[in-house]
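Peer 1: Dumping the structure here so I can ask a few things about it.
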Number of protein chains: 2
Amino acid sequence: MPDPRYRQIADDLRRKIESGQLPPRAQLPTEGELMEQYDVSRNTIRDAMRLLVTRRLIDTQPGRGTFVIERYKPFVTTISEDPETGFGGGEGDSFVREVSQLGREARTTDPQVEVQKASGRVAHELRLDKGAQVVSRHQKRFVDEAPYSMQTSFYPMDFVTGGATDLILAANITGGTVSYLKETLGMEQAGYQDRVRVRTPTDDELTFFGLPETGVSIIETYRTAYDLSGRPFRVTVSVYPADRNHLINNVGKVPGDVKAPQWITEEI
Amino acid sequence: MPDPRYRQIADDLRRKIESGQLPPRAQLPTEGELMEQYDVSRNTIRDAMRLLVTRRLIDTQPGRGTFVIERYKPFVTTISEDPETGFGGGEGDSFVREVSQLGREARTTDPQVEVQKASGRVAHELRLDKGAQVVSRHQKRFVDEAPYSMQTSFYPMDFVTGGATDLILAANITGGTVSYLKETLGMEQAGYQDRVRVRTPTDDELTFFGLPETGVSIIETYRTAYDLSGRPFRVTVSVYPADRNHLINNVGKVPGDVKAPQWITEEI
DNA sequence: GCAAATTTGTTCGTATGTATT
DNA sequence: CAATACATACGAACAAATTTG
């Protein structure tokens, strides 16, 4: 029993795309033309197309046509701490600094600061009561004007009343919040834990990142930072569309030249 | 202008699923029943269903019906090194040991050993010529008899001829390959780098993990281990279906009680 | 700026095939 | 074998987005 017709057609088109016969950005024949070429009904052509859309090979645009997808150049975020800077990967302004070194234009929005009630997960990580007041600092990140990630950090509201008043200012904290908390509260970061999972995008993420309805996952990391006494003092949630982001983790001693590339150049 | 009909229906069903009115494993009304309920044609019902299938909310089975998907209990792999054991997360028999402590049944297949020509990526990571001979050690992992991950390690063939002959035996190396290479070749692991990306599954992965045609991504990590002189001596490729695996990364000092849980219990 | 043509999106109806009960 | 339920495929009509003249 052969594959159904729409699969055969999808496979045929897939081969043409992967062989380069239909390069990225190329327009596919219209549905009408494909109906003739394969001598099937329009619905069957559309079934084949839908398969390729969910596989992230093509993109259909009403009124325009169907095009081979152009892959993003992946941006690489290092999630391990750089022993020299003491920064956890991709945090704060280290993001912009690292990228601009490579001739790319990176941009981080000013933090959007809010005082919120802690959600279940955030409260749990910070060992607060659910609904306790927390400061939320949210930033969006762009590379070459394309949205690449979003990040939200949560701190107990006590920190602000206790002296770290800059936390509720909608501006970057020069030197980073880690050293700011050390200066103002004497709170020192002993380590952190990242929990990484992959999930489907929310509607907000779909629109902000300009993702297709289906096919692109979101990499989500929950980072909980602990002070010297083992008490959690910050939770940072980062979301990365999987079609344009890779993660790197360095453990122990890794040669400097491979330690922190921002771009994976080779296609694997 | 309102959403198209099939979206409204999909949203309605999604709400019923997420609210628990249609719990996991519950059977949805048949297409015929839904046609009546919503007073639309069968194709419109099927469009709505298809949306929910790609969102990994339901599973359609020919001849049986349509069911709410049951989520896997995620297994958590720690990718940072545990300072006490010196093990990189989830490597070797540490996998089985860690899991069995939690009353779960974990199993790793005996390694499937082959001598191969290095692929482009592996050759590049090991700084070998493309096509150089490498030993490949491949293992599959199960938790409660369900497939959870696959792992393949590559070593230069020189290691075997140089004395580490157990590398080509299709058996677990007790104590782990790290300490075995230290004993036989005096090669000490100084550190490693993980590169994590998320991609669509290959056909092999689709069948082995029993994944649906669409919707589940694969988390792939390339781990390159370096010796004290900064020379790469091993590449390990791990693949994890994203619907049943999370990753954890510990940096610096993290409280022991949160350091290495194998299961995330709370639903977020 | 508008109208026509082009292209994909939505929805209906119908028929037949295949898997499961 | 019959009934049930989802899968594939055809044809048709109109809508919505975009480009073109």
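Just so we're on the same page: first chain in the structure tokens is A, next is B, and so on; residues restart at 1 for each chain, and ligands are numbered from 1 in the order they show up.
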Residues of range 63-234 of chain B in helix (DSSP H, G or I) according to DSSP, as a PyMOL selection string?

Peer 2: chain B and resi 94-100+120-126+158-161+165-168+176-185+203-209

Peer 1: With a cut-off of 9 Å and counting only C-alpha atoms (C1' of nucleotides), select all residues of chain D in contact with chain A and give the selection as a PyMOL selection string.

Peer 2: chain D and resi 8-11+16-19

Peer 1: Please save N, CA, C and O atoms (P, O5', C5', C4', C3', O3' and C1' of nucleotides) of the selected residues as an mmCIF file, in the first residue's frame.

Peer 2:
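Ended up saving to out.cif:
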```cif
data_model
loop_
_atom_site.group_PDB
_atom_site.id
_atom_site.type_symbol
_atom_site.label_atom_id
_atom_site.label_comp_id
_atom_site.auth_asym_id
_atom_site.auth_seq_id
_atom_site.Cartn_x
_atom_site.Cartn_y
_atom_site.Cartn_z
ATOM 1 P P DT D 8 -4.633 10.443 6.001
ATOM 2 O "O5'" DT D 8 -5.490 10.357 4.650
ATOM 3 C "C5'" DT D 8 -5.390 9.178 3.882
ATOM 4 C "C4'" DT D 8 -6.218 9.303 2.633
ATOM 5 C "C3'" DT D 8 -5.838 10.465 1.704
ATOM 6 O "O3'" DT D 8 -5.598 9.921 0.417
ATOM 7 C "C1'" DT D 8 -8.162 10.394 2.033
ATOM 8 P P DA D 9 -4.862 10.785 -0.709
ATOM 9 O "O5'" DA D 9 -6.083 11.375 -1.524
ATOM 10 C "C5'" DA D 9 -6.928 10.500 -2.252
ATOM 11 C "C4'" DA D 9 -8.141 11.251 -2.737
ATOM 12 C "C3'" DA D 9 -7.857 12.629 -3.349
ATOM 13 O "O3'" DA D 9 -7.910 12.502 -4.776
ATOM 14 C "C1'" DA D 9 -9.860 12.561 -2.031
ATOM 15 P P DC D 10 -7.646 13.740 -5.681
ATOM 16 O "O5'" DC D 10 -9.138 14.192 -6.040
ATOM 17 C "C5'" DC D 10 -10.004 13.257 -6.645
ATOM 18 C "C4'" DC D 10 -11.403 13.817 -6.655
ATOM 19 C "C3'" DC D 10 -11.494 15.230 -7.223
ATOM 20 O "O3'" DC D 10 -11.976 15.198 -8.554
ATOM 21 C "C1'" DC D 10 -12.820 14.950 -5.231
ATOM 22 P P DG D 11 -11.891 16.556 -9.375
ATOM 23 O "O5'" DG D 11 -13.204 17.345 -8.926
ATOM 24 C "C5'" DG D 11 -14.464 16.709 -8.891
ATOM 25 C "C4'" DG D 11 -15.502 17.684 -8.387
ATOM 26 C "C3'" DG D 11 -15.342 19.113 -8.909
ATOM 27 O "O3'" DG D 11 -16.563 19.557 -9.485
ATOM 28 C "C1'" DG D 11 -15.556 19.124 -6.557
ATOM 29 P P DA D 16 -14.478 38.206 4.325
ATOM 30 O "O5'" DA D 16 -12.895 38.126 4.137
ATOM 31 C "C5'" DA D 16 -12.174 37.110 4.826
ATOM 32 C "C4'" DA D 16 -10.695 37.257 4.512
ATOM 33 C "C3'" DA D 16 -10.180 38.689 4.553
ATOM 34 O "O3'" DA D 16 -8.927 38.686 5.205
ATOM 35 C "C1'" DA D 16 -9.733 37.741 2.429
ATOM 36 P P DA D 17 -8.141 40.032 5.523
ATOM 37 O "O5'" DA D 17 -6.840 39.908 4.610
ATOM 38 C "C5'" DA D 17 -6.022 38.747 4.745
ATOM 39 C "C4'" DA D 17 -4.973 38.765 3.660
ATOM 40 C "C3'" DA D 17 -4.246 40.105 3.516
ATOM 41 O "O3'" DA D 17 -2.851 39.856 3.521
ATOM 42 C "C1'" DA D 17 -5.122 39.399 1.411
ATOM 43 P P DT D 18 -1.799 41.077 3.496
ATOM 44 O "O5'" DT D 18 -1.396 41.157 1.962
ATOM 45 C "C5'" DT D 18 -0.918 39.980 1.321
ATOM 46 C "C4'" DT D 18 -0.803 40.226 -0.163
ATOM 47 C "C3'" DT D 18 -0.111 41.532 -0.538
ATOM 48 O "O3'" DT D 18 1.172 41.211 -1.065
ATOM 49 C "C1'" DT D 18 -2.008 41.049 -1.921
ATOM 50 P P DT D 19 2.137 42.351 -1.664
ATOM 51 O "O5'" DT D 19 1.730 42.264 -3.210
ATOM 52 C "C5'" DT D 19 1.708 40.992 -3.833
ATOM 53 C "C4'" DT D 19 1.313 41.134 -5.290
ATOM 54 C "C3'" DT D 19 2.049 42.228 -6.057
ATOM 55 O "O3'" DT D 19 2.440 41.698 -7.307
ATOM 56 C "C1'" DT D 19 -0.280 42.537 -6.258
#
```

Peer 1: List as an NGL selection string the protein and nucleic acid residues near Val196 in chain A, meaning an atom at most 6 Å away when only C-alpha atoms (C1' of nucleotides) are counted, but skip any in the same chain fewer than 6 places from it.

Peer 2: (:A and (220-221)) or (:B and (246-247))

Peer 1: Would you output that residue set with C-alpha atoms, as an mmCIF file, in the first residue's frame?

Peer 2:
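Okay, this is what ended up in selection32.cif:
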```
data_model
loop_
_atom_site.group_PDB
_atom_site.id
_atom_site.type_symbol
_atom_site.label_atom_id
_atom_site.label_comp_id
_atom_site.auth_asym_id
_atom_site.auth_seq_id
_atom_site.Cartn_x
_atom_site.Cartn_y
_atom_site.Cartn_z
ATOM 1 C CA GLU A 220 12.108 28.263 28.534
ATOM 2 C CA THR A 221 14.653 28.526 31.317
ATOM 3 C CA HIS B 246 13.746 18.671 31.120
ATOM 4 C CA LEU B 247 17.318 19.762 31.671
#
```

Peer 1: Give me, as a short mmCIF file (atom, residue, chain, number, x, y, z; two decimals) with C-alpha atoms, in the first residue's frame, the contact residues of chain B against chain A at a cut-off of 8 Å, counting only C-alpha atoms.

Peer 2:
```cif
data_model
loop_
_atom_site.label_atom_id
_atom_site.label_comp_id
_atom_site.auth_asym_id
_atom_site.auth_seq_id
_atom_site.Cartn_x
_atom_site.Cartn_y
_atom_site.Cartn_z
CA THR B 54 -0.66 20.00 16.20
CA ARG B 55 -0.92 21.70 19.59
CA SER B 80 26.26 20.18 34.93
CA GLU B 81 28.90 18.12 36.62
CA GLY B 120 31.57 16.34 9.55
CA ARG B 121 30.37 17.60 12.89
CA ALA B 190 39.40 18.97 32.41
CA GLY B 191 35.96 20.08 31.33
CA TYR B 192 33.33 19.88 28.67
CA GLN B 193 31.03 22.00 26.63
CA ASP B 194 27.40 21.25 25.85
CA ARG B 195 25.68 22.76 22.86
CA VAL B 196 21.95 22.47 23.07
CA ARG B 197 19.56 22.94 20.23
CA VAL B 198 15.96 22.01 19.52
CA ARG B 199 14.94 20.51 16.22
CA THR B 200 12.31 18.36 14.55
CA THR B 214 4.03 16.40 14.40
CA GLY B 215 4.25 18.65 17.42
CA SER B 217 10.53 18.54 19.21
CA TYR B 226 38.48 18.25 26.77
CA LEU B 228 43.99 19.03 30.58
CA GLY B 230 42.68 21.51 25.93
CA ALA B 242 10.90 17.47 24.53
CA ASP B 243 7.55 16.17 25.74
CA ASN B 245 12.51 15.59 29.30
CA HIS B 246 13.75 18.67 31.12
CA LEU B 247 17.32 19.76 31.67
CA ILE B 248 18.89 21.18 34.78
CA ASN B 249 22.12 23.11 35.03
CA ASN B 250 23.73 23.92 38.35
CA VAL B 251 26.33 26.67 38.52
CA GLY B 252 28.26 27.48 41.65
CA LYS B 253 26.77 26.52 44.96
CA VAL B 254 23.19 25.32 44.91
CA PRO B 255 21.37 23.94 47.96
CA LYS B 259 20.18 20.21 43.24
CA ILE B 268 3.16 24.90 36.10
#
```

Peer 1: Please identify every residue of chain C that has at least one atom no more than 12 Å from any atom of chain A, counting only C-alpha atoms (C1' of nucleotides), and report them as a PyMOL selection string.

Peer 2: chain C and resi 5-10+17-18

Peer 1: Set the distance at 12 Å and use only C-alpha atoms (C1' of nucleotides): which residues neighbour Arg25 in chain B once local chain neighbours fewer than 6 positions away are removed? I'd like the list as number ranges by chain.

Peer 2: B: 17, 57-60, 65-71

Peer 1: Print the selection's residues with N, CA and C atoms to a file, as a PDB file, in the first residue's frame.

Peer 2:
```pdb
ATOM      1  N   ILE B  17     -10.658  21.159  27.667  1.00  0.00           N
ATOM      2  CA  ILE B  17      -9.541  20.293  28.035  1.00  0.00           C
ATOM      3  C   ILE B  17      -8.734  20.923  29.165  1.00  0.00           C
ATOM      4  N   LEU B  57      -2.732  18.492  22.042  1.00  0.00           N
ATOM      5  CA  LEU B  57      -3.771  18.415  23.056  1.00  0.00           C
ATOM      6  C   LEU B  57      -4.600  17.149  22.901  1.00  0.00           C
ATOM      7  N   ILE B  58      -4.787  16.701  21.675  1.00  0.00           N
ATOM      8  CA  ILE B  58      -5.587  15.497  21.444  1.00  0.00           C
ATOM      9  C   ILE B  58      -4.848  14.551  20.506  1.00  0.00           C
ATOM     10  N   ASP B  59      -5.343  13.326  20.464  1.00  0.00           N
ATOM     11  CA  ASP B  59      -4.755  12.282  19.629  1.00  0.00           C
ATOM     12  C   ASP B  59      -5.898  11.564  18.929  1.00  0.00           C
ATOM     13  N   THR B  60      -5.847  11.521  17.620  1.00  0.00           N
ATOM     14  CA  THR B  60      -6.929  10.846  16.889  1.00  0.00           C
ATOM     15  C   THR B  60      -6.481   9.453  16.487  1.00  0.00           C
ATOM     16  N   GLY B  65     -11.361   6.564  18.019  1.00  0.00           N
ATOM     17  CA  GLY B  65     -11.931   7.827  18.460  1.00  0.00           C
ATOM     18  C   GLY B  65     -10.840   8.855  18.685  1.00  0.00           C
ATOM     19  N   THR B  66     -11.196   9.930  19.360  1.00  0.00           N
ATOM     20  CA  THR B  66     -10.259  11.017  19.618  1.00  0.00           C
ATOM     21  C   THR B  66     -10.139  11.193  21.122  1.00  0.00           C
ATOM     22  N   PHE B  67      -8.915  11.301  21.608  1.00  0.00           N
ATOM     23  CA  PHE B  67      -8.685  11.282  23.049  1.00  0.00           C
ATOM     24  C   PHE B  67      -7.802  12.442  23.495  1.00  0.00           C
ATOM     25  N   VAL B  68      -8.056  12.890  24.713  1.00  0.00           N
ATOM     26  CA  VAL B  68      -7.215  13.923  25.292  1.00  0.00           C
ATOM     27  C   VAL B  68      -5.864  13.306  25.634  1.00  0.00           C
ATOM     28  N   ILE B  69      -4.809  13.995  25.266  1.00  0.00           N
ATOM     29  CA  ILE B  69      -3.469  13.456  25.452  1.00  0.00           C
ATOM     30  C   ILE B  69      -3.068  13.439  26.922  1.00  0.00           C
ATOM     31  N   GLU B  70      -2.406  12.378  27.285  1.00  0.00           N
ATOM     32  CA  GLU B  70      -1.870  12.271  28.639  1.00  0.00           C
ATOM     33  C   GLU B  70      -0.420  12.715  28.610  1.00  0.00           C
ATOM     34  N   ARG B  71      -0.084  13.668  29.431  1.00  0.00           N
ATOM     35  CA  ARG B  71       1.274  14.193  29.409  1.00  0.00           C
ATOM     36  C   ARG B  71       2.232  13.238  30.113  1.00  0.00           C
TER      37      ARG B  71
END
```
